[in-house]
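Peer 1: Dropping in final02.csv, which is CSV, C-alpha atoms and all ligand atoms:
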chain,number,residue,atom,x,y,z
A,1,MET,CA,-63.3,-8.4,96.4
A,2,ARG,CA,-64.5,-6.1,93.7
A,3,ILE,CA,-63.6,-6.8,90.1
A,4,ALA,CA,-63.9,-4.1,87.5
A,5,LEU,CA,-65.0,-5.9,84.3
A,6,LEU,CA,-64.2,-4.0,81.1
A,7,PRO,CA,-65.1,-6.1,78.1
A,8,GLY,CA,-64.4,-3.4,75.4
A,9,ASP,CA,-64.6,-3.9,71.7
A,10,GLY,CA,-64.6,-6.7,69.1
A,11,ILE,CA,-64.1,-10.1,70.7
A,12,GLY,CA,-63.6,-8.4,74.1
A,13,PRO,CA,-67.2,-9.1,75.3
A,14,GLU,CA,-67.1,-12.7,74.0
A,15,ILE,CA,-63.8,-13.7,75.8
A,16,THR,CA,-64.5,-11.8,79.0
A,17,ARG,CA,-67.9,-13.6,79.3
A,18,GLU,CA,-66.0,-17.0,79.4
A,19,ALA,CA,-63.5,-15.7,82.0
A,20,GLN,CA,-66.4,-14.5,84.1
A,21,ARG,CA,-68.2,-17.9,83.9
A,22,VAL,CA,-65.0,-19.6,85.0
A,23,LEU,CA,-64.6,-17.2,88.0
A,24,GLU,CA,-68.2,-17.6,89.0
A,25,ALA,CA,-67.8,-21.4,88.9
A,26,LEU,CA,-65.2,-21.1,91.6
A,27,ALA,CA,-67.9,-19.6,93.9
A,28,ILE,CA,-65.4,-17.4,95.7
A,29,PRO,CA,-67.2,-15.7,98.6
A,30,GLY,CA,-67.4,-11.9,98.3
A,31,LEU,CA,-66.3,-11.8,94.7
A,32,VAL,CA,-68.4,-9.2,92.8
A,33,PHE,CA,-68.2,-7.8,89.3
A,34,GLU,CA,-68.8,-4.2,88.3
A,35,GLU,CA,-69.0,-3.8,84.5
A,36,ALA,CA,-68.1,-0.6,82.7
A,37,LEU,CA,-67.8,0.7,79.1
A,38,VAL,CA,-64.4,1.1,77.6
A,39,GLY,CA,-62.8,1.7,74.2
A,40,GLY,CA,-64.8,2.2,71.0
A,41,ALA,CA,-67.9,1.0,72.8
A,42,ALA,CA,-67.6,3.8,75.4
A,43,TYR,CA,-66.8,6.4,72.7
A,44,LYS,CA,-70.0,5.4,70.8
A,45,ALA,CA,-72.1,5.5,73.9
A,46,VAL,CA,-70.8,8.5,75.8
A,47,GLY,CA,-68.2,10.2,73.5
A,48,HIS,CA,-65.0,9.1,75.3
A,49,PRO,CA,-63.0,5.8,75.2
A,50,LEU,CA,-62.2,6.1,79.0
A,51,PRO,CA,-65.1,7.9,80.6
A,52,PRO,CA,-64.6,9.2,84.2
A,53,GLU,CA,-67.2,6.7,85.5
A,54,THR,CA,-65.1,3.8,84.1
A,55,LEU,CA,-61.9,5.2,85.5
A,56,ASN,CA,-63.6,5.5,88.9
A,57,ILE,CA,-64.8,1.9,88.8
A,58,ALA,CA,-61.3,0.8,87.9
A,59,ARG,CA,-59.7,2.9,90.7
A,60,ARG,CA,-62.0,1.6,93.4
A,61,ALA,CA,-61.8,-2.1,92.3
A,62,ASP,CA,-59.4,-4.6,93.8
A,63,ALA,CA,-58.5,-5.8,90.3
A,64,ILE,CA,-59.5,-5.1,86.7
A,65,LEU,CA,-60.3,-7.7,84.2
A,66,PHE,CA,-60.0,-6.2,80.7
A,67,GLY,CA,-61.0,-7.7,77.3
A,68,SER,CA,-59.7,-5.7,74.4
A,69,VAL,CA,-60.2,-2.3,72.7
A,70,GLY,CA,-59.9,-1.3,69.1
A,71,ASP,CA,-62.6,-0.6,66.4
A,72,PRO,CA,-61.8,0.1,62.7
A,73,GLU,CA,-64.7,2.5,62.7
A,74,CYS,CA,-62.8,4.7,65.2
A,75,ASP,CA,-59.4,4.6,63.4
A,76,ALA,CA,-59.9,8.0,61.8
A,77,LEU,CA,-60.8,9.8,65.1
A,78,ASP,CA,-58.4,12.3,66.7
A,79,ARG,CA,-55.9,10.1,68.6
A,80,HIS,CA,-57.1,11.2,72.0
A,81,LEU,CA,-60.5,9.7,71.2
A,82,ARG,CA,-59.4,6.4,69.8
A,83,PRO,CA,-60.2,3.2,71.7
A,84,GLU,CA,-56.6,2.4,72.3
A,85,GLN,CA,-56.3,5.5,74.5
A,86,ALA,CA,-58.5,3.7,77.0
A,87,ILE,CA,-56.0,1.0,77.8
A,88,LEU,CA,-53.0,3.4,77.6
A,89,GLY,CA,-54.9,5.8,79.9
A,90,LEU,CA,-55.7,3.1,82.5
A,91,ARG,CA,-52.1,1.9,82.5
A,92,LYS,CA,-50.8,5.4,83.1
A,93,ALA,CA,-53.5,6.7,85.5
A,94,LEU,CA,-53.1,3.6,87.7
A,95,THR,CA,-49.3,3.5,87.4
A,96,LEU,CA,-49.5,0.0,86.1
A,97,PHE,CA,-45.8,0.0,85.0
A,98,SER,CA,-44.9,-3.7,85.2
A,99,ASN,CA,-46.4,-5.9,82.6
A,100,LEU,CA,-45.9,-9.7,83.0
A,101,ARG,CA,-46.5,-11.7,79.9
A,102,PRO,CA,-45.7,-15.4,80.4
A,103,ALA,CA,-45.3,-17.8,77.5
A,104,ARG,CA,-45.0,-21.5,77.9
A,105,VAL,CA,-45.9,-24.5,75.7
A,106,TYR,CA,-48.7,-26.8,76.9
A,107,PRO,CA,-47.5,-30.4,76.3
A,108,GLY,CA,-50.6,-31.3,74.3
A,109,LEU,CA,-50.2,-28.3,72.1
A,110,VAL,CA,-46.7,-28.6,70.7
A,111,ASP,CA,-48.2,-29.3,67.3
A,112,ALA,CA,-49.9,-25.8,67.3
A,113,SER,CA,-46.6,-24.0,67.5
A,114,ALA,CA,-45.2,-22.3,64.4
A,115,LEU,CA,-41.8,-23.9,65.4
A,116,ARG,CA,-40.6,-27.4,65.2
A,117,PRO,CA,-41.8,-29.6,68.1
A,118,GLU,CA,-38.3,-30.1,69.6
A,119,VAL,CA,-37.8,-26.3,69.6
A,120,ALA,CA,-41.2,-25.4,70.8
A,121,SER,CA,-41.4,-27.9,73.7
A,122,ARG,CA,-38.7,-26.0,75.6
A,123,ILE,CA,-40.5,-22.7,75.8
A,124,ASP,CA,-41.1,-21.5,79.4
A,125,LEU,CA,-40.3,-17.8,79.6
A,126,LEU,CA,-41.7,-14.5,81.0
A,127,ILE,CA,-41.5,-11.2,79.3
A,128,VAL,CA,-41.4,-8.3,81.8
A,129,ARG,CA,-42.5,-5.3,79.7
A,130,GLU,CA,-42.3,-1.7,80.9
A,131,LEU,CA,-45.7,-0.1,80.5
A,132,ASN,CA,-45.6,3.6,81.5
A,133,GLY,CA,-42.9,5.1,79.4
A,134,ASP,CA,-40.9,4.9,76.2
A,135,VAL,CA,-42.0,6.2,72.8
A,136,TYR,CA,-45.6,5.4,73.8
A,137,PHE,CA,-45.8,8.4,76.2
A,138,GLY,CA,-43.3,10.9,74.9
A,139,GLU,CA,-44.2,14.0,73.1
A,140,LYS,CA,-45.7,13.3,69.7
A,141,GLY,CA,-47.2,15.2,66.9
A,142,MET,CA,-47.3,16.1,63.2
A,143,ARG,CA,-45.4,19.1,61.8
A,144,THR,CA,-44.1,20.4,58.6
A,145,THR,CA,-40.5,20.5,57.5
A,146,PRO,CA,-39.0,23.7,56.1
A,147,THR,CA,-39.5,22.3,52.6
A,148,GLY,CA,-43.2,21.7,53.4
A,149,ALA,CA,-43.1,17.9,53.8
A,150,ARG,CA,-45.3,16.4,56.5
A,151,GLU,CA,-43.4,14.9,59.4
A,152,GLY,CA,-44.6,12.7,62.3
A,153,TYR,CA,-42.6,12.4,65.5
A,154,ASP,CA,-42.7,10.5,68.7
A,155,ILE,CA,-40.1,11.1,71.4
A,156,MET,CA,-38.5,8.0,72.9
A,157,SER,CA,-37.2,8.4,76.4
A,158,TYR,CA,-36.7,6.7,79.8
A,159,ASN,CA,-35.4,8.2,83.0
A,160,GLU,CA,-33.4,6.2,85.4
A,161,ASP,CA,-36.2,5.9,88.0
A,162,GLU,CA,-38.5,4.4,85.4
A,163,VAL,CA,-35.8,1.9,84.3
A,164,ARG,CA,-34.9,1.0,87.9
A,165,ARG,CA,-38.4,0.1,89.0
A,166,ILE,CA,-39.0,-2.2,86.0
A,167,ALA,CA,-35.5,-3.7,86.3
A,168,HIS,CA,-36.4,-4.6,90.0
A,169,SER,CA,-39.5,-6.3,88.6
A,170,GLY,CA,-37.4,-8.3,86.2
A,171,PHE,CA,-34.7,-9.3,88.8
A,172,ARG,CA,-37.4,-10.3,91.3
A,173,ALA,CA,-39.3,-12.3,88.7
A,174,ALA,CA,-36.0,-14.1,87.8
A,175,GLN,CA,-35.4,-14.9,91.5
A,176,ALA,CA,-38.8,-16.5,91.7
A,177,ARG,CA,-38.1,-18.6,88.5
A,178,ARG,CA,-34.8,-20.1,87.2
A,179,GLY,CA,-32.6,-17.1,88.1
A,180,LYS,CA,-31.8,-15.9,84.6
A,181,LEU,CA,-32.6,-12.4,83.4
A,182,CYS,CA,-32.0,-11.2,79.8
A,183,SER,CA,-32.3,-7.4,79.4
A,184,VAL,CA,-33.3,-6.5,75.8
A,185,ASP,CA,-32.4,-3.1,74.4
A,186,LYS,CA,-30.9,-1.4,71.3
A,187,ALA,CA,-28.0,0.2,73.1
A,188,ASN,CA,-25.9,0.1,70.0
A,189,VAL,CA,-28.0,2.8,68.5
A,190,LEU,CA,-30.3,4.4,71.1
A,191,GLU,CA,-29.3,6.7,74.0
A,192,THR,CA,-32.5,5.6,75.8
A,193,SER,CA,-31.2,2.0,75.6
A,194,GLN,CA,-27.7,2.9,76.8
A,195,LEU,CA,-29.2,4.4,80.0
A,196,TRP,CA,-31.4,1.3,80.3
A,197,ARG,CA,-28.4,-1.0,80.1
A,198,ASP,CA,-26.3,1.1,82.5
A,199,VAL,CA,-29.1,1.2,85.1
A,200,VAL,CA,-29.8,-2.6,84.8
A,201,VAL,CA,-26.0,-3.3,85.3
A,202,GLU,CA,-25.9,-1.0,88.3
A,203,LEU,CA,-28.8,-2.8,89.9
A,204,SER,CA,-27.5,-6.2,89.2
A,205,ALA,CA,-25.1,-5.9,92.2
A,206,GLU,CA,-28.2,-6.2,94.4
A,207,TYR,CA,-29.1,-9.5,92.8
A,208,PRO,CA,-26.0,-11.7,93.0
A,209,ASP,CA,-28.3,-14.8,92.7
A,210,VAL,CA,-29.5,-13.7,89.2
A,211,THR,CA,-27.5,-14.3,86.1
A,212,LEU,CA,-27.8,-11.2,83.9
A,213,SER,CA,-27.3,-11.0,80.2
A,214,HIS,CA,-28.0,-8.4,77.6
A,215,MET,CA,-29.3,-8.7,74.0
A,216,TYR,CA,-30.1,-6.3,71.2
A,217,VAL,CA,-33.7,-6.5,70.3
A,218,ASP,CA,-33.2,-7.5,66.7
A,219,ASN,CA,-31.1,-10.5,67.9
A,220,ALA,CA,-33.7,-11.2,70.6
A,221,ALA,CA,-36.4,-11.5,67.9
A,222,MET,CA,-34.3,-14.0,66.0
A,223,GLN,CA,-33.3,-16.0,69.1
A,224,LEU,CA,-36.9,-16.3,70.2
A,225,VAL,CA,-37.6,-18.2,67.0
A,226,ARG,CA,-34.2,-20.1,66.9
A,227,ASP,CA,-34.1,-21.3,70.5
A,228,PRO,CA,-36.7,-19.9,72.8
A,229,GLY,CA,-35.8,-22.4,75.5
A,230,GLN,CA,-32.7,-20.3,76.3
A,231,PHE,CA,-34.8,-17.6,77.9
A,232,ASP,CA,-36.1,-17.5,81.5
A,233,VAL,CA,-37.0,-13.8,82.1
A,234,ILE,CA,-36.8,-11.1,79.5
A,235,VAL,CA,-37.0,-7.5,80.8
A,236,THR,CA,-37.5,-4.8,78.1
A,237,GLY,CA,-39.1,-1.5,77.3
A,238,ASN,CA,-42.6,-0.8,76.2
A,239,LEU,CA,-42.3,-0.9,72.4
A,240,PHE,CA,-39.9,-3.9,72.3
A,241,GLY,CA,-41.9,-5.8,74.8
A,242,ASP,CA,-45.1,-5.2,72.8
A,243,ILE,CA,-43.5,-6.7,69.6
A,244,LEU,CA,-41.6,-9.5,71.2
A,245,SER,CA,-44.6,-10.8,73.2
A,246,ASP,CA,-46.8,-11.1,70.0
A,247,LEU,CA,-43.8,-13.0,68.5
A,248,ALA,CA,-43.5,-15.3,71.5
A,249,SER,CA,-47.2,-16.1,71.3
A,250,MET,CA,-46.8,-17.8,67.9
A,251,CYS,CA,-43.9,-19.8,69.2
A,252,VAL,CA,-46.3,-21.1,71.8
A,253,GLY,CA,-49.1,-21.7,69.3
A,254,SER,CA,-51.5,-18.8,69.2
A,255,ILE,CA,-51.9,-15.3,70.4
A,256,GLY,CA,-55.2,-16.5,71.9
A,257,LEU,CA,-53.2,-18.2,74.6
A,258,LEU,CA,-51.1,-15.5,76.1
A,259,ALA,CA,-52.3,-13.8,79.3
A,260,SER,CA,-50.9,-10.8,81.1
A,261,ALA,CA,-50.8,-8.9,84.3
A,262,SER,CA,-50.1,-5.1,84.5
A,263,LEU,CA,-49.1,-4.3,88.1
A,264,ASP,CA,-48.4,-1.2,90.1
A,265,ALA,CA,-45.9,-1.0,93.0
A,266,GLN,CA,-48.5,-2.3,95.5
A,267,GLY,CA,-49.7,-5.3,93.4
A,268,LYS,CA,-52.9,-3.8,92.2
A,269,GLY,CA,-53.4,-5.0,88.7
A,270,LEU,CA,-55.2,-5.0,85.4
A,271,TYR,CA,-55.4,-8.4,83.7
A,272,GLU,CA,-55.9,-8.8,80.0
A,273,PRO,CA,-55.0,-11.1,77.1
A,274,ILE,CA,-52.0,-9.7,75.1
A,275,HIS,CA,-54.1,-9.8,71.9
A,276,GLY,CA,-56.4,-7.1,70.5
A,277,SER,CA,-60.1,-6.9,69.6
A,278,ALA,CA,-59.6,-9.1,66.5
A,279,PRO,CA,-62.2,-7.3,64.3
A,280,ASP,CA,-61.7,-10.0,61.6
A,281,ILE,CA,-63.4,-12.6,63.8
A,282,ALA,CA,-65.5,-10.5,66.2
A,283,GLY,CA,-69.1,-11.5,66.7
A,284,GLN,CA,-68.6,-14.9,65.2
A,285,GLY,CA,-68.0,-16.9,68.3
A,286,LYS,CA,-64.6,-18.0,67.0
A,287,ALA,CA,-62.2,-16.3,69.4
A,288,ASN,CA,-60.1,-18.3,71.8
A,289,PRO,CA,-61.0,-17.3,75.3
A,290,LEU,CA,-58.1,-19.0,77.0
A,291,ALA,CA,-55.8,-16.0,77.2
A,292,THR,CA,-58.5,-14.1,79.1
A,293,ILE,CA,-59.3,-17.1,81.3
A,294,LEU,CA,-55.6,-17.4,82.1
A,295,SER,CA,-55.5,-13.7,82.8
A,296,ALA,CA,-58.3,-14.2,85.4
A,297,ALA,CA,-56.1,-16.9,87.0
A,298,MET,CA,-53.2,-14.4,87.2
A,299,MET,CA,-55.6,-11.9,88.8
A,300,LEU,CA,-56.5,-14.4,91.5
A,301,ARG,CA,-52.8,-15.1,92.2
A,302,PHE,CA,-51.4,-11.5,92.1
A,303,SER,CA,-54.1,-9.2,93.2
A,304,LEU,CA,-56.6,-11.3,95.2
A,305,GLY,CA,-54.3,-13.6,97.2
A,306,LEU,CA,-56.0,-16.8,95.9
A,307,PRO,CA,-53.1,-18.9,94.5
A,308,ASP,CA,-55.0,-22.2,94.9
A,309,GLU,CA,-57.9,-21.0,92.9
A,310,ALA,CA,-55.5,-19.7,90.3
A,311,ASP,CA,-53.8,-23.1,90.1
A,312,ARG,CA,-57.2,-24.7,89.7
A,313,ILE,CA,-58.0,-22.5,86.6
A,314,GLU,CA,-54.6,-23.2,85.1
A,315,ARG,CA,-54.9,-26.9,85.6
A,316,ALA,CA,-58.4,-26.9,84.1
A,317,VAL,CA,-57.1,-25.1,81.0
A,318,GLU,CA,-54.3,-27.6,80.7
A,319,ALA,CA,-56.8,-30.5,81.1
A,320,ALA,CA,-59.1,-29.1,78.5
A,321,LEU,CA,-56.2,-28.8,76.0
A,322,ASN,CA,-55.0,-32.3,76.9
A,323,GLY,CA,-58.5,-33.5,76.2
A,324,GLY,CA,-58.3,-32.1,72.7
A,325,ALA,CA,-60.3,-28.9,73.1
A,326,ARG,CA,-59.3,-26.6,70.2
A,327,THR,CA,-60.6,-23.3,68.9
A,328,ALA,CA,-60.0,-22.4,65.2
A,329,ASP,CA,-56.7,-20.6,66.0
A,330,LEU,CA,-55.4,-23.9,67.4
A,331,GLY,CA,-56.6,-25.9,64.4
A,332,GLY,CA,-59.9,-27.0,65.9
A,333,SER,CA,-63.5,-26.1,65.5
A,334,LEU,CA,-64.8,-25.3,69.0
A,335,SER,CA,-66.6,-22.0,69.5
A,336,THR,CA,-65.6,-19.5,72.2
A,337,ALA,CA,-68.4,-20.7,74.4
A,338,ALA,CA,-67.6,-24.4,73.8
A,339,MET,CA,-64.0,-23.8,74.8
A,340,GLY,CA,-65.3,-22.1,78.0
A,341,ASP,CA,-67.5,-25.2,78.6
A,342,ALA,CA,-64.4,-27.4,78.2
A,343,VAL,CA,-62.6,-25.5,80.9
A,344,LEU,CA,-65.6,-25.5,83.1
A,345,ALA,CA,-66.0,-29.2,82.7
A,346,ALA,CA,-62.4,-29.7,83.7
A,347,LEU,CA,-62.8,-27.4,86.6
B,401,LIG,P1,-55.3,-8.5,67.2
B,401,LIG,O1,-54.5,-9.1,68.3
B,401,LIG,O2,-56.6,-8.0,67.5
B,401,LIG,O3,-55.5,-9.6,66.0
B,401,LIG,C1,-54.4,-10.2,65.3
B,401,LIG,C2,-54.8,-11.5,64.6
B,401,LIG,O4,-54.9,-12.5,65.7
B,401,LIG,C3,-56.2,-11.5,64.0
B,401,LIG,O5,-56.1,-12.3,62.8
B,401,LIG,C4,-57.1,-12.0,65.0
B,401,LIG,O6,-58.2,-12.7,64.5
B,401,LIG,C5,-56.2,-13.0,65.7
B,401,LIG,N1,-56.6,-13.2,67.2
B,401,LIG,C6,-56.4,-12.3,68.1
B,401,LIG,N2,-56.9,-12.7,69.3
B,401,LIG,C7,-57.4,-13.9,69.0
B,401,LIG,C8,-58.1,-14.9,69.8
B,401,LIG,N3,-58.4,-14.7,71.2
B,401,LIG,N4,-58.5,-16.0,69.3
B,401,LIG,C9,-58.3,-16.3,68.0
B,401,LIG,N5,-57.7,-15.4,67.1
B,401,LIG,C10,-57.2,-14.2,67.7
B,401,LIG,O7,-54.3,-7.4,66.5
B,401,LIG,P2,-54.7,-6.4,65.3
B,401,LIG,O8,-55.5,-7.0,64.3
B,401,LIG,O9,-53.4,-5.8,64.9
B,401,LIG,O10,-55.5,-5.2,66.0
B,401,LIG,C11,-56.9,-5.2,66.1
B,401,LIG,C12,-57.4,-4.0,67.0
B,401,LIG,O11,-57.0,-4.4,68.4
B,401,LIG,C13,-56.7,-2.7,66.7
B,401,LIG,O12,-57.6,-1.7,66.9
B,401,LIG,C14,-55.6,-2.7,67.8
B,401,LIG,O13,-55.2,-1.3,68.1
B,401,LIG,C15,-56.3,-3.3,68.9
B,401,LIG,N6,-55.4,-3.9,70.0
B,401,LIG,C16,-55.8,-3.8,71.3
B,401,LIG,C17,-55.1,-4.5,72.3
B,401,LIG,C18,-55.6,-4.3,73.7
B,401,LIG,O14,-56.8,-4.1,73.9
B,401,LIG,N7,-54.8,-4.5,74.7
B,401,LIG,C19,-54.0,-5.2,72.0
B,401,LIG,C20,-53.6,-5.3,70.6
B,401,LIG,C21,-54.3,-4.7,69.6
B,402,LIG,C1,-51.0,-4.5,73.7
B,402,LIG,C2,-51.5,-3.6,72.6
B,402,LIG,C3,-51.5,-2.2,73.1
B,402,LIG,C4,-50.0,-1.8,73.2
B,402,LIG,C5,-52.2,-1.1,72.1
B,402,LIG,C6,-53.6,-1.5,71.9
B,402,LIG,C7,-52.1,0.2,72.7
B,402,LIG,O1,-50.8,-3.8,71.5
B,402,LIG,O2,-51.5,-4.4,74.9
B,402,LIG,O3,-50.0,-5.3,73.5
B,402,LIG,O4,-49.4,-1.4,72.2
B,402,LIG,O5,-49.5,-1.8,74.3
B,403,MN,MN,-49.5,-5.6,71.5
Could I get this structure in the form of structure tokens?
Ligand code: NAD
Ligand code: IPM
Ligand code: MN
Peer 2:
Amino acid sequence: MRIALLPGDGIGPEITREAQRVLEALAIPGLVFEEALVGGAAYKAVGHPLPPETLNIARRADAILFGSVGDPECDALDRHLRPEQAILGLRKALTLFSNLRPARVYPGLVDASALRPEVASRIDLLIVRELNGDVYFGEKGMRTTPTGAREGYDIMSYNEDEVRRIAHSGFRAAQARRGKLCSVDKANVLETSQLWRDVVVELSAEYPDVTLSHMYVDNAAMQLVRDPGQFDVIVTGNLFGDILSDLASMCVGSIGLLASASLDAQGKGLYEPIHGSAPDIAGQGKANPLATILSAAMMLRFSLGLPDEADRIERAVEAALNGGARTADLGGSLSTAAMGDAVLAAL
């Protein structure tokens, strides 16, 4: 079992180190890591955020464990050379179209939520975010209007095949959970969303055991704060899913808690926290490594066929939190490594 380990930028190396320690503590026979440069770190070393060597390592791995990319020093580069292109490029090149972002409240952590305890304690939802299309991957550019004004544009589009495959992911996820699927779109304004909604409705005939509802994205943002307990599975497009998952993280308590899996049709996956490289705290040993550790658990479950080991990691995280382990984002003072130690001790 070959893991491509891509730490990336900012807090990426700090958090992936803790996830690697946890994986190594499980002493899984045959598990090996192959580390590679990605993001701004790769650009600075070899001139490209996703070097061919890194893409090859990712391709031949059984799973990819990813930290984060993004470096303020690279923000003025041509877009194709920016660190963020590395993660977008991996998602596209490996057809990782189905992004699972679970959000649930840990009993001992209700106080960390930005919401009132009685509202926060009910959160147990999964955002299924499309990852290969939408405004992210449409034609984009800068042009000049006839009057000489600068104009930026990014084309938003989805074809029905793209919607169908992510809708299947959403319906199947709902079947495996509480049987409720909420499709989030902006069909009152966008043609892209009208097609999305039509295709989801067509497909629902194949899933009579799933209760389907629809919600506009602006209302969904409001409902996630008002009553997040109403949601089981949310299926949505690339841009809306990006925004709603950061929002959901603060309902849970911190963006440092939310893990994700990005899967292709065969179950090959890239696993990463939903947060970024956090340049404001990078290099200070302050970052919460739990989102990355929980991403490693998802990797064991979804790509490596090791559900018991995944459970062990998740239980250890829960035990560490119940024991009072808190990094700064959770109102505590543990360092990144000390949080890793707490999980290892519980393991
Ligand atoms: P961010 O998620 O990096 O940080 C937002 C805020 O959350 C910051 O205050 C940060 O300190 C905090 N935070 C994030 N992760 C944390 C953790 N594990 N523990 C404690 N606090 C944490 O978002 P941003 O500041 O908008 O973006 C910074 C860079 O990261 C940008 O270059 C952006 O493009 C990139 N980014 C990358 C990814 C990715 O690699 N998948 C995701 C999001 C953003
Ligand atoms: C995420 C990030 C990425 C996204 C960026 C870094 C390209 O915000 O993984 O949520 O927008 O998908
Ligand atoms: Mn994001």
Peer 1: Need to verify the contact set: Asp329 in chain A, 12 Å, all atoms listed in the file, exclusion of same-chain residues closer than 2 positions in sequence. Can you return it as a ChimeraX atom specification?
Peer 2: /A:109,112-114,249-250,252-257,278,281,286-290,325-327,331-336,339
Peer 1: Find the residues near Pro117 in chain A: any atom within 12 Å, counting all atoms listed in the file, skip ones fewer than 3 places away on the same chain, and give them as a JSON list (two decimals) with C-alpha atoms, in the frame of the given file.
Peer 2:
[["chain", "number", "residue", "atom", "x", "y", "z"],
["A", 105, "VAL", "CA", -45.90, -24.50, 75.70],
["A", 106, "TYR", "CA", -48.70, -26.80, 76.90],
["A", 107, "PRO", "CA", -47.50, -30.40, 76.30],
["A", 108, "GLY", "CA", -50.60, -31.30, 74.30],
["A", 109, "LEU", "CA", -50.20, -28.30, 72.10],
["A", 110, "VAL", "CA", -46.70, -28.60, 70.70],
["A", 111, "ASP", "CA", -48.20, -29.30, 67.30],
["A", 112, "ALA", "CA", -49.90, -25.80, 67.30],
["A", 113, "SER", "CA", -46.60, -24.00, 67.50],
["A", 114, "ALA", "CA", -45.20, -22.30, 64.40],
["A", 120, "ALA", "CA", -41.20, -25.40, 70.80],
["A", 121, "SER", "CA", -41.40, -27.90, 73.70],
["A", 122, "ARG", "CA", -38.70, -26.00, 75.60],
["A", 123, "ILE", "CA", -40.50, -22.70, 75.80],
["A", 227, "ASP", "CA", -34.10, -21.30, 70.50],
["A", 228, "PRO", "CA", -36.70, -19.90, 72.80],
["A", 229, "GLY", "CA", -35.80, -22.40, 75.50],
["A", 251, "CYS", "CA", -43.90, -19.80, 69.20],
["A", 252, "VAL", "CA", -46.30, -21.10, 71.80],
["A", 253, "GLY", "CA", -49.10, -21.70, 69.30]]
Peer 1: Using only C-alpha atoms, can you tell me which of A:Arg60, A:Arg21, A:Arg165, A:Arg91 comes closest to Ser262 in chain A?
Peer 2: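 Counting only C-alpha atoms, the residue closest to Ser262 in chain A is A:Arg91.
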Peer 1: Please find the residues contacting ligand MN 403 (chain B) at a distance of at most 9 Å between atoms, with all atoms listed in the file counted, and report them as an NGL selection string.
Peer 2: :A and (239 or 241-246 or 274-276)
Peer 1: Export, as a short mmCIF file (atom, residue, chain, number, x, y, z; two decimals), in the frame of the given file, the selected residues with C-alpha atoms.
Peer 2:
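New file again26.cif:
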data_model
loop_
_atom_site.label_atom_id
_atom_site.label_comp_id
_atom_site.auth_asym_id
_atom_site.auth_seq_id
_atom_site.Cartn_x
_atom_site.Cartn_y
_atom_site.Cartn_z
CA LEU A 239 -42.30 -0.90 72.40
CA GLY A 241 -41.90 -5.80 74.80
CA ASP A 242 -45.10 -5.20 72.80
CA ILE A 243 -43.50 -6.70 69.60
CA LEU A 244 -41.60 -9.50 71.20
CA SER A 245 -44.60 -10.80 73.20
CA ASP A 246 -46.80 -11.10 70.00
CA ILE A 274 -52.00 -9.70 75.10
CA HIS A 275 -54.10 -9.80 71.90
CA GLY A 276 -56.40 -7.10 70.50
#
Peer 1: Fewer than 4 positions away in the same chain doesn't count, so skip those; otherwise give me all residues within 10 Å of His48 in chain A, counting only C-alpha atoms, as a list of chain:residue names.
Peer 2: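 So the residues in contact are A:Leu37, A:Val38, A:Gly39, A:Gly40, A:Ala41, A:Ala42, A:Tyr43, A:Lys44, A:Pro52, A:His80, A:Leu81, A:Arg82, A:Pro83, A:Gln85, A:Ala86.
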Peer 1: Okay, now the selection with C-alpha atoms, as a short mmCIF file (atom, residue, chain, number, x, y, z; two decimals), keeping the file's coordinate frame?
Peer 2:
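Result file part.cif:
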data_model
loop_
_atom_site.label_atom_id
_atom_site.label_comp_id
_atom_site.auth_asym_id
_atom_site.auth_seq_id
_atom_site.Cartn_x
_atom_site.Cartn_y
_atom_site.Cartn_z
CA LEU A 37 -67.80 0.70 79.10
CA VAL A 38 -64.40 1.10 77.60
CA GLY A 39 -62.80 1.70 74.20
CA GLY A 40 -64.80 2.20 71.00
CA ALA A 41 -67.90 1.00 72.80
CA ALA A 42 -67.60 3.80 75.40
CA TYR A 43 -66.80 6.40 72.70
CA LYS A 44 -70.00 5.40 70.80
CA PRO A 52 -64.60 9.20 84.20
CA HIS A 80 -57.10 11.20 72.00
CA LEU A 81 -60.50 9.70 71.20
CA ARG A 82 -59.40 6.40 69.80
CA PRO A 83 -60.20 3.20 71.70
CA GLN A 85 -56.30 5.50 74.50
CA ALA A 86 -58.50 3.70 77.00
#
Peer 1: Near Ala337 in chain A, within 9 Å and counting all atoms listed in the file, which residues show up once chain neighbours fewer than 6 positions away are dropped, as JSON, numbers by chain?
Peer 2: {"A": [14, 15, 17, 18, 285, 286, 289]}
Peer 1: Figure out the distance between CA of Thr211 in chain A and CA of Arg164 in chain A, please, to one decimal in Å.
Peer 2: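 So the two atoms, CA of Arg164 in chain A and CA of Thr211 in chain A, lie 17.1 Å apart.
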Peer 1: By how many Å are CA of Gly170 in chain A and CA of Arg129 in chain A apart?
Peer 2: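 Distance reported for this atom pair: 8.8 Å.
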Peer 1: Within 8 Å of Asp124 in chain A, counting only C-alpha atoms, which residues show up once you throw out same-chain ones fewer than 6 positions away? Write them as a list in words, please.
Peer 2: Pro102, Ala103, Arg104, Val105, Gly229, Phe231 and Asp232 of chain A
Peer 1: Would you save the residues from that selection as a CSV table (one decimal), in the coordinates of the input, using C-alpha atoms?
Peer 2:
chain,number,residue,atom,x,y,z
A,102,PRO,CA,-45.7,-15.4,80.4
A,103,ALA,CA,-45.3,-17.8,77.5
A,104,ARG,CA,-45.0,-21.5,77.9
A,105,VAL,CA,-45.9,-24.5,75.7
A,229,GLY,CA,-35.8,-22.4,75.5
A,231,PHE,CA,-34.8,-17.6,77.9
A,232,ASP,CA,-36.1,-17.5,81.5
Peer 1: Nearest to ligand LIG 402 (chain B) among A:Val135, A:Leu6, A:Ala205, A:Ala346, with distances taken over all atoms listed in the file: which residue is it?
Peer 2: A:Val135
